[in-house]
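Participant: Next comes entry11.pdb, PDB, C-alpha atoms and all ligand atoms:
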ATOM      1  CA  MET A   1       0.000   0.000   0.000  1.00  0.00           C
ATOM      2  CA  ALA A   2       2.826   2.419   0.819  1.00  0.00           C
ATOM      3  CA  LYS A   3       4.003   2.431  -2.796  1.00  0.00           C
ATOM      4  CA  LYS A   4       0.564   3.301  -4.185  1.00  0.00           C
ATOM      5  CA  GLN A   5      -0.097   5.725  -1.336  1.00  0.00           C
ATOM      6  CA  ASN A   6       2.878   7.790  -2.505  1.00  0.00           C
ATOM      7  CA  CYS A   7       1.744   7.722  -6.128  1.00  0.00           C
ATOM      8  CA  SER A   8       0.865  11.205  -7.437  1.00  0.00           C
ATOM      9  CA  LEU A   9      -2.184   9.826  -9.227  1.00  0.00           C
ATOM     10  CA  SER A  10      -5.382   9.505  -7.265  1.00  0.00           C
ATOM     11  CA  CYS A  11      -9.159   9.481  -7.701  1.00  0.00           C
ATOM     12  CA  SER A  12      -9.152  12.947  -9.317  1.00  0.00           C
ATOM     13  CA  GLU A  13      -7.090  11.521 -12.188  1.00  0.00           C
ATOM     14  CA  CYS A  14      -9.163   8.330 -12.563  1.00  0.00           C
ATOM     15  CA  ALA A  15     -11.117   7.896 -15.776  1.00  0.00           C
ATOM     16  CA  VAL A  16     -12.816   4.575 -14.964  1.00  0.00           C
ATOM     17  CA  ARG A  17     -14.314   5.101 -11.462  1.00  0.00           C
ATOM     18  CA  ASN A  18     -14.730   1.368 -11.197  1.00  0.00           C
ATOM     19  CA  CYS A  19     -15.389   1.581  -7.457  1.00  0.00           C
ATOM     20  CA  TYR A  20     -18.984   2.641  -8.211  1.00  0.00           C
ATOM     21  CA  ARG A  21     -20.406  -0.104 -10.460  1.00  0.00           C
ATOM     22  CA  LYS A  22     -17.511  -2.558 -10.637  1.00  0.00           C
ATOM     23  CA  ASP A  23     -18.115  -3.024 -14.350  1.00  0.00           C
ATOM     24  CA  LYS A  24     -14.593  -2.112 -15.478  1.00  0.00           C
ATOM     25  CA  LYS A  25     -11.092  -2.623 -14.035  1.00  0.00           C
ATOM     26  CA  PHE A  26      -9.487  -0.766 -11.175  1.00  0.00           C
ATOM     27  CA  PRO A  27      -6.598   1.403 -12.426  1.00  0.00           C
ATOM     28  CA  ALA A  28      -3.065   0.465 -11.363  1.00  0.00           C
ATOM     29  CA  PHE A  29      -2.847   3.304  -8.840  1.00  0.00           C
ATOM     30  CA  CYS A  30      -6.207   2.542  -7.162  1.00  0.00           C
ATOM     31  CA  LEU A  31      -6.029   1.740  -3.461  1.00  0.00           C
ATOM     32  CA  THR A  32      -9.373  -0.070  -3.251  1.00  0.00           C
ATOM     33  CA  GLU A  33      -8.108  -3.622  -3.687  1.00  0.00           C
ATOM     34  CA  GLU A  34      -5.063  -3.029  -1.500  1.00  0.00           C
ATOM     35  CA  ILE A  35      -6.892  -2.122   1.679  1.00  0.00           C
ATOM     36  CA  PRO A  36      -9.467  -4.852   2.362  1.00  0.00           C
ATOM     37  CA  ASP A  37      -9.088  -4.529   6.155  1.00  0.00           C
ATOM     38  CA  ALA A  38      -9.783  -0.815   6.142  1.00  0.00           C
ATOM     39  CA  VAL A  39     -12.717  -1.307   3.763  1.00  0.00           C
ATOM     40  CA  GLU A  40     -14.192  -3.942   6.073  1.00  0.00           C
ATOM     41  CA  ARG A  41     -13.678  -1.793   9.166  1.00  0.00           C
ATOM     42  CA  THR A  42     -15.567   1.121   7.626  1.00  0.00           C
ATOM     43  CA  ARG A  43     -18.308  -1.173   6.259  1.00  0.00           C
ATOM     44  CA  LYS A  44     -18.825  -2.503   9.781  1.00  0.00           C
ATOM     45  CA  PHE A  45     -19.260   0.882  11.362  1.00  0.00           C
ATOM     46  CA  TYR A  46     -21.691   2.056   8.661  1.00  0.00           C
ATOM     47  CA  ALA A  47     -23.718  -1.117   9.304  1.00  0.00           C
ATOM     48  CA  SER A  48     -23.580  -0.633  13.077  1.00  0.00           C
ATOM     49  CA  ASN A  49     -25.932   1.195  15.398  1.00  0.00           C
ATOM     50  CA  THR A  50     -23.403   3.961  16.061  1.00  0.00           C
ATOM     51  CA  ILE A  51     -24.020   7.567  15.062  1.00  0.00           C
ATOM     52  CA  ASP A  52     -21.849   7.018  11.975  1.00  0.00           C
ATOM     53  CA  GLY A  53     -24.019   4.082  10.991  1.00  0.00           C
ATOM     54  CA  LYS A  54     -27.222   6.076  11.485  1.00  0.00           C
ATOM     55  CA  LEU A  55     -25.873   9.031   9.482  1.00  0.00           C
ATOM     56  CA  ALA A  56     -24.604   6.805   6.679  1.00  0.00           C
ATOM     57  CA  ARG A  57     -27.863   4.920   6.315  1.00  0.00           C
ATOM     58  CA  ALA A  58     -30.044   8.051   6.553  1.00  0.00           C
ATOM     59  CA  ALA A  59     -27.997   9.711   3.785  1.00  0.00           C
ATOM     60  CA  ALA A  60     -28.165   6.607   1.575  1.00  0.00           C
ATOM     61  CA  GLU A  61     -31.905   6.214   2.142  1.00  0.00           C
ATOM     62  CA  ILE A  62     -32.596   9.811   1.125  1.00  0.00           C
ATOM     63  CA  GLU A  63     -30.521   9.312  -2.012  1.00  0.00           C
ATOM     64  CA  GLY A  64     -32.499   6.175  -2.854  1.00  0.00           C
ATOM     65  CA  GLU A  65     -35.915   7.574  -1.993  1.00  0.00           C
ATOM     66  CA  TYR A  66     -35.708  10.995  -3.560  1.00  0.00           C
ATOM     67  CA  TYR A  67     -32.827  10.916  -6.044  1.00  0.00           C
ATOM     68  CA  GLY A  68     -32.861  14.157  -8.025  1.00  0.00           C
ATOM     69  CA  ARG A  69     -36.227  15.262  -6.611  1.00  0.00           C
ATOM     70  CA  LEU A  70     -35.329  17.199  -3.456  1.00  0.00           C
ATOM     71  CA  THR A  71     -33.492  20.471  -3.123  1.00  0.00           C
ATOM     72  CA  ARG A  72     -30.698  20.584  -0.582  1.00  0.00           C
ATOM     73  CA  LEU A  73     -32.993  22.562   1.723  1.00  0.00           C
ATOM     74  CA  GLU A  74     -35.509  19.715   1.664  1.00  0.00           C
ATOM     75  CA  GLU A  75     -32.783  17.109   1.969  1.00  0.00           C
ATOM     76  CA  THR A  76     -31.453  18.642   5.189  1.00  0.00           C
ATOM     77  CA  ILE A  77     -34.963  18.500   6.665  1.00  0.00           C
ATOM     78  CA  ARG A  78     -35.631  14.925   5.506  1.00  0.00           C
ATOM     79  CA  PHE A  79     -32.219  13.969   6.889  1.00  0.00           C
ATOM     80  CA  ALA A  80     -33.048  15.511  10.273  1.00  0.00           C
ATOM     81  CA  LYS A  81     -36.446  13.786  10.356  1.00  0.00           C
ATOM     82  CA  LYS A  82     -34.941  10.404   9.543  1.00  0.00           C
ATOM     83  CA  LEU A  83     -32.428  10.802  12.347  1.00  0.00           C
ATOM     84  CA  GLY A  84     -35.193  11.732  14.790  1.00  0.00           C
ATOM     85  CA  VAL A  85     -33.696  15.184  15.379  1.00  0.00           C
ATOM     86  CA  LYS A  86     -35.674  17.238  17.883  1.00  0.00           C
ATOM     87  CA  LYS A  87     -33.280  20.195  18.163  1.00  0.00           C
ATOM     88  CA  LEU A  88     -31.571  21.574  15.074  1.00  0.00           C
ATOM     89  CA  GLY A  89     -28.834  24.161  15.585  1.00  0.00           C
ATOM     90  CA  ILE A  90     -28.112  26.719  12.875  1.00  0.00           C
ATOM     91  CA  ALA A  91     -24.654  28.276  12.663  1.00  0.00           C
ATOM     92  CA  SER A  92     -25.167  31.299  10.460  1.00  0.00           C
ATOM     93  CA  CYS A  93     -23.047  33.942   8.819  1.00  0.00           C
ATOM     94  CA  ILE A  94     -24.135  37.526   9.522  1.00  0.00           C
ATOM     95  CA  GLY A  95     -24.384  38.082   5.775  1.00  0.00           C
ATOM     96  CA  LEU A  96     -26.876  35.238   5.431  1.00  0.00           C
ATOM     97  CA  LEU A  97     -28.949  35.819   8.553  1.00  0.00           C
ATOM     98  CA  ASP A  98     -32.110  36.538   6.546  1.00  0.00           C
ATOM     99  CA  GLU A  99     -31.653  33.232   4.737  1.00  0.00           C
ATOM    100  CA  ALA A 100     -31.005  31.501   8.078  1.00  0.00           C
ATOM    101  CA  SER A 101     -34.192  33.045   9.548  1.00  0.00           C
ATOM    102  CA  LEU A 102     -36.309  31.738   6.693  1.00  0.00           C
ATOM    103  CA  TYR A 103     -34.569  28.368   6.880  1.00  0.00           C
ATOM    104  CA  ALA A 104     -35.328  28.205  10.635  1.00  0.00           C
ATOM    105  CA  GLN A 105     -38.976  29.007   9.953  1.00  0.00           C
ATOM    106  CA  ILE A 106     -39.169  26.189   7.376  1.00  0.00           C
ATOM    107  CA  VAL A 107     -37.459  23.710   9.709  1.00  0.00           C
ATOM    108  CA  ARG A 108     -39.883  24.614  12.513  1.00  0.00           C
ATOM    109  CA  THR A 109     -42.793  24.067  10.117  1.00  0.00           C
ATOM    110  CA  ALA A 110     -41.508  20.493   9.877  1.00  0.00           C
ATOM    111  CA  GLY A 111     -41.902  20.183  13.661  1.00  0.00           C
ATOM    112  CA  ILE A 112     -38.240  20.556  14.637  1.00  0.00           C
ATOM    113  CA  GLU A 113     -37.055  23.055  17.245  1.00  0.00           C
ATOM    114  CA  THR A 114     -34.306  25.431  16.082  1.00  0.00           C
ATOM    115  CA  LYS A 115     -31.721  27.732  17.581  1.00  0.00           C
ATOM    116  CA  THR A 116     -29.631  30.072  15.432  1.00  0.00           C
ATOM    117  CA  VAL A 117     -26.255  31.468  16.443  1.00  0.00           C
ATOM    118  CA  ILE A 118     -24.686  34.177  14.309  1.00  0.00           C
ATOM    119  CA  CYS A 119     -20.955  34.128  13.498  1.00  0.00           C
ATOM    120  CA  LYS A 120     -20.314  37.465  15.264  1.00  0.00           C
ATOM    121  CA  VAL A 121     -21.617  36.193  18.609  1.00  0.00           C
ATOM    122  CA  GLY A 122     -19.440  37.424  21.498  1.00  0.00           C
ATOM    123  CA  SER A 123     -18.578  40.623  19.583  1.00  0.00           C
ATOM    124  CA  VAL A 124     -14.789  40.302  19.906  1.00  0.00           C
ATOM    125  CA  ASP A 125     -13.000  42.964  17.845  1.00  0.00           C
ATOM    126  CA  LYS A 126     -10.570  41.541  15.285  1.00  0.00           C
ATOM    127  CA  THR A 127      -7.672  43.535  16.726  1.00  0.00           C
ATOM    128  CA  GLN A 128      -8.010  41.476  19.910  1.00  0.00           C
ATOM    129  CA  LEU A 129      -6.879  38.486  17.852  1.00  0.00           C
ATOM    130  CA  GLY A 130      -3.794  40.334  16.629  1.00  0.00           C
ATOM    131  CA  ILE A 131      -5.341  41.288  13.280  1.00  0.00           C
ATOM    132  CA  PRO A 132      -4.071  44.772  12.273  1.00  0.00           C
ATOM    133  CA  ASP A 133      -6.834  47.401  12.195  1.00  0.00           C
ATOM    134  CA  GLY A 134      -5.976  48.192   8.562  1.00  0.00           C
ATOM    135  CA  LEU A 135      -6.831  44.638   7.609  1.00  0.00           C
ATOM    136  CA  LYS A 136     -10.441  45.072   8.638  1.00  0.00           C
ATOM    137  CA  VAL A 137     -13.072  45.446   5.933  1.00  0.00           C
ATOM    138  CA  CYS A 138     -13.808  48.806   7.585  1.00  0.00           C
ATOM    139  CA  PRO A 139     -10.606  50.085   9.255  1.00  0.00           C
ATOM    140  CA  GLY A 140     -11.197  52.185  12.339  1.00  0.00           C
ATOM    141  CA  CYS A 141     -14.563  50.553  13.045  1.00  0.00           C
ATOM    142  CA  ASN A 142     -15.375  47.973  15.662  1.00  0.00           C
ATOM    143  CA  GLU A 143     -15.346  44.828  13.562  1.00  0.00           C
ATOM    144  CA  ALA A 144     -16.171  41.614  15.356  1.00  0.00           C
ATOM    145  CA  CYS A 145     -14.288  38.514  14.315  1.00  0.00           C
ATOM    146  CA  CYS A 146     -16.233  35.410  13.413  1.00  0.00           C
ATOM    147  CA  ASN A 147     -16.427  33.146  16.439  1.00  0.00           C
ATOM    148  CA  PRO A 148     -17.268  29.647  15.183  1.00  0.00           C
ATOM    149  CA  ALA A 149     -15.940  27.926  18.323  1.00  0.00           C
ATOM    150  CA  LEU A 150     -18.405  29.957  20.408  1.00  0.00           C
ATOM    151  CA  GLN A 151     -21.228  29.210  17.941  1.00  0.00           C
ATOM    152  CA  ALA A 152     -20.479  25.511  18.415  1.00  0.00           C
ATOM    153  CA  GLN A 153     -20.201  25.834  22.183  1.00  0.00           C
ATOM    154  CA  ILE A 154     -23.580  27.571  22.489  1.00  0.00           C
ATOM    155  CA  LEU A 155     -25.239  24.916  20.331  1.00  0.00           C
ATOM    156  CA  ASN A 156     -23.465  22.160  22.271  1.00  0.00           C
ATOM    157  CA  GLU A 157     -24.815  23.557  25.535  1.00  0.00           C
ATOM    158  CA  TRP A 158     -28.311  23.868  24.055  1.00  0.00           C
ATOM    159  CA  GLY A 159     -28.051  20.170  23.175  1.00  0.00           C
ATOM    160  CA  SER A 160     -28.597  20.261  19.424  1.00  0.00           C
ATOM    161  CA  ASP A 161     -28.973  16.848  17.788  1.00  0.00           C
ATOM    162  CA  LEU A 162     -27.822  18.148  14.403  1.00  0.00           C
ATOM    163  CA  ASN A 163     -26.163  21.403  13.368  1.00  0.00           C
ATOM    164  CA  VAL A 164     -26.571  23.051   9.984  1.00  0.00           C
ATOM    165  CA  LEU A 165     -24.115  25.564   8.588  1.00  0.00           C
ATOM    166  CA  VAL A 166     -25.522  28.552   6.727  1.00  0.00           C
ATOM    167  CA  GLY A 167     -22.816  30.462   4.906  1.00  0.00           C
ATOM    168  CA  LEU A 168     -19.876  30.189   7.281  1.00  0.00           C
ATOM    169  CA  CYS A 169     -16.595  31.430   5.763  1.00  0.00           C
ATOM    170  CA  VAL A 170     -13.923  29.093   4.456  1.00  0.00           C
ATOM    171  CA  GLY A 171     -11.934  28.192   7.559  1.00  0.00           C
ATOM    172  CA  HIS A 172     -14.532  29.297  10.064  1.00  0.00           C
ATOM    173  CA  ASP A 173     -16.582  26.324   8.896  1.00  0.00           C
ATOM    174  CA  ALA A 174     -13.584  24.113   9.691  1.00  0.00           C
ATOM    175  CA  ILE A 175     -13.380  25.501  13.235  1.00  0.00           C
ATOM    176  CA  PHE A 176     -17.116  25.060  13.755  1.00  0.00           C
ATOM    177  CA  THR A 177     -17.116  21.427  12.656  1.00  0.00           C
ATOM    178  CA  ARG A 178     -14.089  20.708  14.871  1.00  0.00           C
ATOM    179  CA  HIS A 179     -15.945  22.022  17.930  1.00  0.00           C
ATOM    180  CA  SER A 180     -19.502  20.911  17.195  1.00  0.00           C
ATOM    181  CA  LYS A 181     -20.540  17.966  19.350  1.00  0.00           C
ATOM    182  CA  ALA A 182     -23.529  17.184  17.131  1.00  0.00           C
ATOM    183  CA  PRO A 183     -22.978  16.049  13.553  1.00  0.00           C
ATOM    184  CA  ALA A 184     -22.777  19.070  11.268  1.00  0.00           C
ATOM    185  CA  THR A 185     -23.997  19.388   7.704  1.00  0.00           C
ATOM    186  CA  THR A 186     -24.106  22.342   5.347  1.00  0.00           C
ATOM    187  CA  PHE A 187     -27.097  24.046   3.800  1.00  0.00           C
ATOM    188  CA  ILE A 188     -25.395  27.086   2.214  1.00  0.00           C
ATOM    189  CA  VAL A 189     -21.707  27.410   1.347  1.00  0.00           C
ATOM    190  CA  LYS A 190     -20.581  31.015   1.217  1.00  0.00           C
ATOM    191  CA  ASP A 191     -19.195  32.395  -2.025  1.00  0.00           C
ATOM    192  CA  ARG A 192     -19.115  36.182  -1.854  1.00  0.00           C
ATOM    193  CA  VAL A 193     -18.598  36.529  -5.592  1.00  0.00           C
ATOM    194  CA  LEU A 194     -20.799  33.826  -7.063  1.00  0.00           C
ATOM    195  CA  GLY A 195     -23.991  34.217  -5.039  1.00  0.00           C
ATOM    196  CA  HIS A 196     -23.085  31.253  -2.818  1.00  0.00           C
ATOM    197  CA  ASN A 197     -22.738  28.934  -5.763  1.00  0.00           C
ATOM    198  CA  PRO A 198     -19.017  28.047  -5.677  1.00  0.00           C
ATOM    199  CA  ALA A 199     -19.433  25.329  -8.286  1.00  0.00           C
ATOM    200  CA  ALA A 200     -20.056  28.048 -10.898  1.00  0.00           C
ATOM    201  CA  ALA A 201     -16.294  28.722 -10.849  1.00  0.00           C
ATOM    202  CA  ILE A 202     -15.709  25.151 -11.965  1.00  0.00           C
ATOM    203  CA  TYR A 203     -18.487  25.167 -14.557  1.00  0.00           C
ATOM    204  CA  THR A 204     -16.967  28.244 -16.224  1.00  0.00           C
ATOM    205  CA  ALA A 205     -13.275  27.391 -15.679  1.00  0.00           C
ATOM    206  CA  LYS A 206     -12.735  25.976 -19.140  1.00  0.00           C
ATOM    207  CA  PHE A 207     -13.794  29.114 -20.986  1.00  0.00           C
ATOM    208  CA  TYR A 208     -15.005  32.400 -19.442  1.00  0.00           C
ATOM    209  CA  TYR A 209     -13.161  31.899 -16.173  1.00  0.00           C
ATOM    210  CA  LYS A 210     -10.089  30.160 -17.555  1.00  0.00           C
ATOM    211  CA  ARG A 211      -7.746  32.578 -15.757  1.00  0.00           C
ATOM    212  CA  ILE A 212      -8.349  30.383 -12.714  1.00  0.00           C
ATOM    213  CA  LEU A 213      -6.045  27.792 -14.275  1.00  0.00           C
ATOM    214  CA  ASP A 214      -3.215  30.342 -14.297  1.00  0.00           C
ATOM    215  CA  GLU A 215      -2.100  31.206 -10.787  1.00  0.00           C
ATOM    216  CA  LYS A 216      -0.359  34.400 -12.012  1.00  0.00           C
ATOM    217  CA  THR A 217      -3.725  35.987 -12.758  1.00  0.00           C
ATOM    218  CA  PHE A 218      -5.019  35.696  -9.185  1.00  0.00           C
ATOM    219  CA  PRO A 219      -6.041  39.172  -8.023  1.00  0.00           C
ATOM    220  CA  GLU A 220      -3.567  40.893  -5.725  1.00  0.00           C
ATOM    221  CA  PRO A 221      -4.653  41.410  -2.108  1.00  0.00           C
ATOM    222  CA  ARG A 222      -5.980  44.911  -1.296  1.00  0.00           C
ATOM    223  CA  LYS A 223      -3.045  47.372  -1.133  1.00  0.00           C
ATOM    224  CA  GLU A 224      -4.224  48.881   2.177  1.00  0.00           C
ATOM    225  CA  ALA A 225      -4.486  45.409   3.703  1.00  0.00           C
ATOM    226  CA  VAL A 226      -0.962  44.465   2.652  1.00  0.00           C
ATOM    227  CA  GLU A 227       0.394  47.762   4.030  1.00  0.00           C
ATOM    228  CA  ALA A 228      -1.383  47.132   7.331  1.00  0.00           C
ATOM    229  CA  GLU A 229       0.093  43.650   7.539  1.00  0.00           C
ATOM    230  CA  LEU A 230       3.594  44.919   6.760  1.00  0.00           C
ATOM    231  CA  ALA A 231       3.312  47.716   9.317  1.00  0.00           C
ATOM    232  CA  ALA A 232       2.164  45.239  11.951  1.00  0.00           C
ATOM    233  CA  ALA A 233       5.060  42.925  11.145  1.00  0.00           C
ATOM    234  CA  LYS A 234       7.581  45.799  11.500  1.00  0.00           C
ATOM    235  CA  LYS A 235       6.295  46.886  14.915  1.00  0.00           C
ATOM    236  CA  PRO A 236       8.886  45.982  17.503  1.00  0.00           C
ATOM    237  CA  ALA A 237       7.664  43.338  19.868  1.00  0.00           C
ATOM    238  CA  LYS A 238       6.746  44.664  23.308  1.00  0.00           C
ATOM    239  CA  PRO A 239       9.701  44.149  25.662  1.00  0.00           C
ATOM    240  CA  ALA A 240       9.062  41.346  28.095  1.00  0.00           C
ATOM    241  CA  LYS A 241       8.466  42.488  31.656  1.00  0.00           C
ATOM    242  CA  LYS A 242      11.583  42.317  33.775  1.00  0.00           C
ATOM    243  CA  PRO A 243      11.261  39.743  36.532  1.00  0.00           C
ATOM    244  CA  ALA A 244      10.815  41.384  39.919  1.00  0.00           C
ATOM    245  CA  LYS A 245      14.019  41.604  41.925  1.00  0.00           C
ATOM    246  CA  LYS A 246      14.248  38.911  44.514  1.00  0.00           C
ATOM    247  CA  SER A 247      13.969  40.274  48.001  1.00  0.00           C
ATOM    248  CA  ALA A 248      17.119  39.826  50.088  1.00  0.00           C
ATOM    249  CA  LYS A 249      15.005  38.178  52.750  1.00  0.00           C
ATOM    250  CA  ALA A 250      13.583  35.539  50.423  1.00  0.00           C
TER     251      ALA A 250
HETATM  252  S1  LIG B 301     -11.648   3.257  -9.206  1.00  0.00           S
HETATM  253 FE1  LIG B 301     -10.125   3.579  -7.617  1.00  0.00          FE
HETATM  254  S2  LIG B 301      -8.902   5.333  -8.338  1.00  0.00           S
HETATM  255 FE2  LIG B 301     -10.782   5.261  -9.570  1.00  0.00          FE
HETATM  256  S3  LIG B 301     -12.153   6.701  -8.519  1.00  0.00           S
HETATM  257 FE3  LIG B 301     -12.572   4.623  -7.720  1.00  0.00          FE
HETATM  258  S4  LIG B 301     -11.281   4.426  -5.887  1.00  0.00           S
HETATM  259 FE4  LIG B 301     -10.515   6.180  -7.061  1.00  0.00          FE
END
Turn the structure described in the file into C-alpha cells.
Facilitator:
Amino acid sequence: MAKKQNCSLSCSECAVRNCYRKDKKFPAFCLTEEIPDAVERTRKFYASNTIDGKLARAAAEIEGEYYGRLTRLEETIRFAKKLGVKKLGIASCIGLLDEASLYAQIVRTAGIETKTVICKVGSVDKTQLGIPDGLKVCPGCNEACCNPALQAQILNEWGSDLNVLVGLCVGHDAIFTRHSKAPATTFIVKDRVLGHNPAAAIYTAKFYYKRILDEKTFPEPRKEAVEAELAAAKKPAKPAKKPAKKSAKA
C-alpha cells in the first residue's frame, strides 16, 4: 500500500471510477483492492448502530428515496427527520442571517425546534486576535471577528442533535465542525462573488473563467491590507516584563 499511497495519481485523475459499479477494471494506482481490512472496518461501522451508521444509512436512504427530486434545503430537513432530530442548531453567517431566519422558519414548520447562532456572537473585535486594524473590511470601526468555536459551544450547551451551517466562511466552517458535538452538515456554502454557488467557478473554468487555471492571474490582495500587515510585522515586539528583583530576605 505504501508504494501506491505515494503515487501522485489519485481518484481525481481516474477515468474509470470502477469503485462505483464494478463493471470495469481498477486502475493500477487505485487503493481499493489493497486495503481490504480498512474497507471492512468502515463497512462494519456504517452497518452498526453507532451515530456514523445512522448518518450513513439516513444519507443513503434519502438518495435512494428521492434521487434528483429534493433540493438541498428539503434534503437537510428529511435527513433531520430520519435521524429523529428534535433540536436543530443553525450556525449562520451575519451576511446570510435573513436566509437563516427563513430556513429556521421552514425547519420549525416540519416540527423541529431550532436555535440560530450568528458568526459574530461574542462581539470580539478583530484587533483582539492580533489582526491589524488596517486589515479590517472597515478600518477604524469595531469589527467583530467570526467566532465559530463559540457558535459551536452555544449549540453544544443547548443540546442540538444536528447542526446546519448557513454560509460560514472558508476556515470558520472548519473551526465550527471541529468544535460541534452534534454532527454538522451544510445548507449554504458562502461564495461572496458567485452568489453562494461556488461550483459556478468550476463550470466556467474551461472558458469564461479560464484565468483560474493560471495562478499568475489571481487578483492581488488589497493594497491597504498588505500595508497594514507589513506595518504590523515591523512593529517591535513589546519588551518582556523584567522579573521582579528577589527580596534579600527571600
Ligand atoms: S476506481 Fe479507484 S482510483 Fe478510480 S475513482 Fe474509484 S477508488 Fe478512485
Participant: Within 7 Å of ligand LIG 301 (chain B), counting all atoms listed in the file, which protein or nucleic acid residues do you find, written as a PyMOL selection string?
Facilitator: chain A and resi 10-12+14-20+26-27+29-32
Participant: Can you give me, as a compact mmCIF listing (two decimals) with C-alpha atoms, in the frame of the given file, the residues this file yields under the PyMOL selection byres (((chain A and resi 166-176) around 8) and not hetatm)?
Facilitator:
# COMPACT_ATOMS: atom_id res chain seq x y z
CA ILE A 90 -28.11 26.72 12.88
CA ALA A 91 -24.65 28.28 12.66
CA SER A 92 -25.17 31.30 10.46
CA CYS A 93 -23.05 33.94 8.82
CA GLY A 95 -24.38 38.08 5.78
CA LEU A 96 -26.88 35.24 5.43
CA GLU A 99 -31.65 33.23 4.74
CA ALA A 100 -31.00 31.50 8.08
CA CYS A 119 -20.96 34.13 13.50
CA CYS A 146 -16.23 35.41 13.41
CA ASN A 147 -16.43 33.15 16.44
CA PRO A 148 -17.27 29.65 15.18
CA ALA A 149 -15.94 27.93 18.32
CA GLN A 151 -21.23 29.21 17.94
CA ALA A 152 -20.48 25.51 18.42
CA VAL A 164 -26.57 23.05 9.98
CA LEU A 165 -24.12 25.56 8.59
CA THR A 177 -17.12 21.43 12.66
CA ARG A 178 -14.09 20.71 14.87
CA HIS A 179 -15.94 22.02 17.93
CA SER A 180 -19.50 20.91 17.20
CA THR A 186 -24.11 22.34 5.35
CA PHE A 187 -27.10 24.05 3.80
CA ILE A 188 -25.40 27.09 2.21
CA VAL A 189 -21.71 27.41 1.35
CA LYS A 190 -20.58 31.02 1.22
CA HIS A 196 -23.08 31.25 -2.82
Participant: Got a sec to check which residues sit within 8 Å of (-29.7, 14.1, 11.1), counting all atoms listed in the file, and write them as a ChimeraX atom specification?
Facilitator: /A:55,58,76,79-85,161-162,183
Participant: When you draw a straight line from CA of Arg69 in chain A to CA of Ile51 in chain A, how long is it in Å?
Facilitator: 26.0 Å
Participant: Using CA of Ala144 in chain A and CA of Ser123 in chain A as the two end points, give the distance in Å to one decimal.
Facilitator: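 Result for CA of Ala144 in chain A versus CA of Ser123 in chain A: 5.0 Å, one decimal.
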Participant: In Å to one decimal, how far is CA of Glu215 in chain A from CA of Asp133 in chain A?
Facilitator: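 Pair CA of Asp133 in chain A / CA of Glu215 in chain A returns 28.5 Å.
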Participant: What does the PyMOL selection byres (((chain A and resi 224) around 12) and not hetatm) select in this file, as a PDB file with C-alpha atoms, keeping the file's coordinate frame?
Facilitator:
ATOM      1  CA  PRO A 132      -4.071  44.772  12.273  1.00  0.00           C
ATOM      2  CA  ASP A 133      -6.834  47.401  12.195  1.00  0.00           C
ATOM      3  CA  GLY A 134      -5.976  48.192   8.562  1.00  0.00           C
ATOM      4  CA  LEU A 135      -6.831  44.638   7.609  1.00  0.00           C
ATOM      5  CA  LYS A 136     -10.441  45.072   8.638  1.00  0.00           C
ATOM      6  CA  VAL A 137     -13.072  45.446   5.933  1.00  0.00           C
ATOM      7  CA  CYS A 138     -13.808  48.806   7.585  1.00  0.00           C
ATOM      8  CA  PRO A 139     -10.606  50.085   9.255  1.00  0.00           C
ATOM      9  CA  GLU A 220      -3.567  40.893  -5.725  1.00  0.00           C
ATOM     10  CA  PRO A 221      -4.653  41.410  -2.108  1.00  0.00           C
ATOM     11  CA  ARG A 222      -5.980  44.911  -1.296  1.00  0.00           C
ATOM     12  CA  LYS A 223      -3.045  47.372  -1.133  1.00  0.00           C
ATOM     13  CA  ALA A 225      -4.486  45.409   3.703  1.00  0.00           C
ATOM     14  CA  VAL A 226      -0.962  44.465   2.652  1.00  0.00           C
ATOM     15  CA  GLU A 227       0.394  47.762   4.030  1.00  0.00           C
ATOM     16  CA  ALA A 228      -1.383  47.132   7.331  1.00  0.00           C
ATOM     17  CA  GLU A 229       0.093  43.650   7.539  1.00  0.00           C
ATOM     18  CA  LEU A 230       3.594  44.919   6.760  1.00  0.00           C
ATOM     19  CA  ALA A 231       3.312  47.716   9.317  1.00  0.00           C
TER      20      ALA A 231
END
Participant: Can you list, as a ChimeraX atom specification, the residues that the PyMOL selection byres (((chain A and resi 159) around 12) and not hetatm) selects here?
Facilitator: /A:85-89,113-115,152-158,160-163,180-183
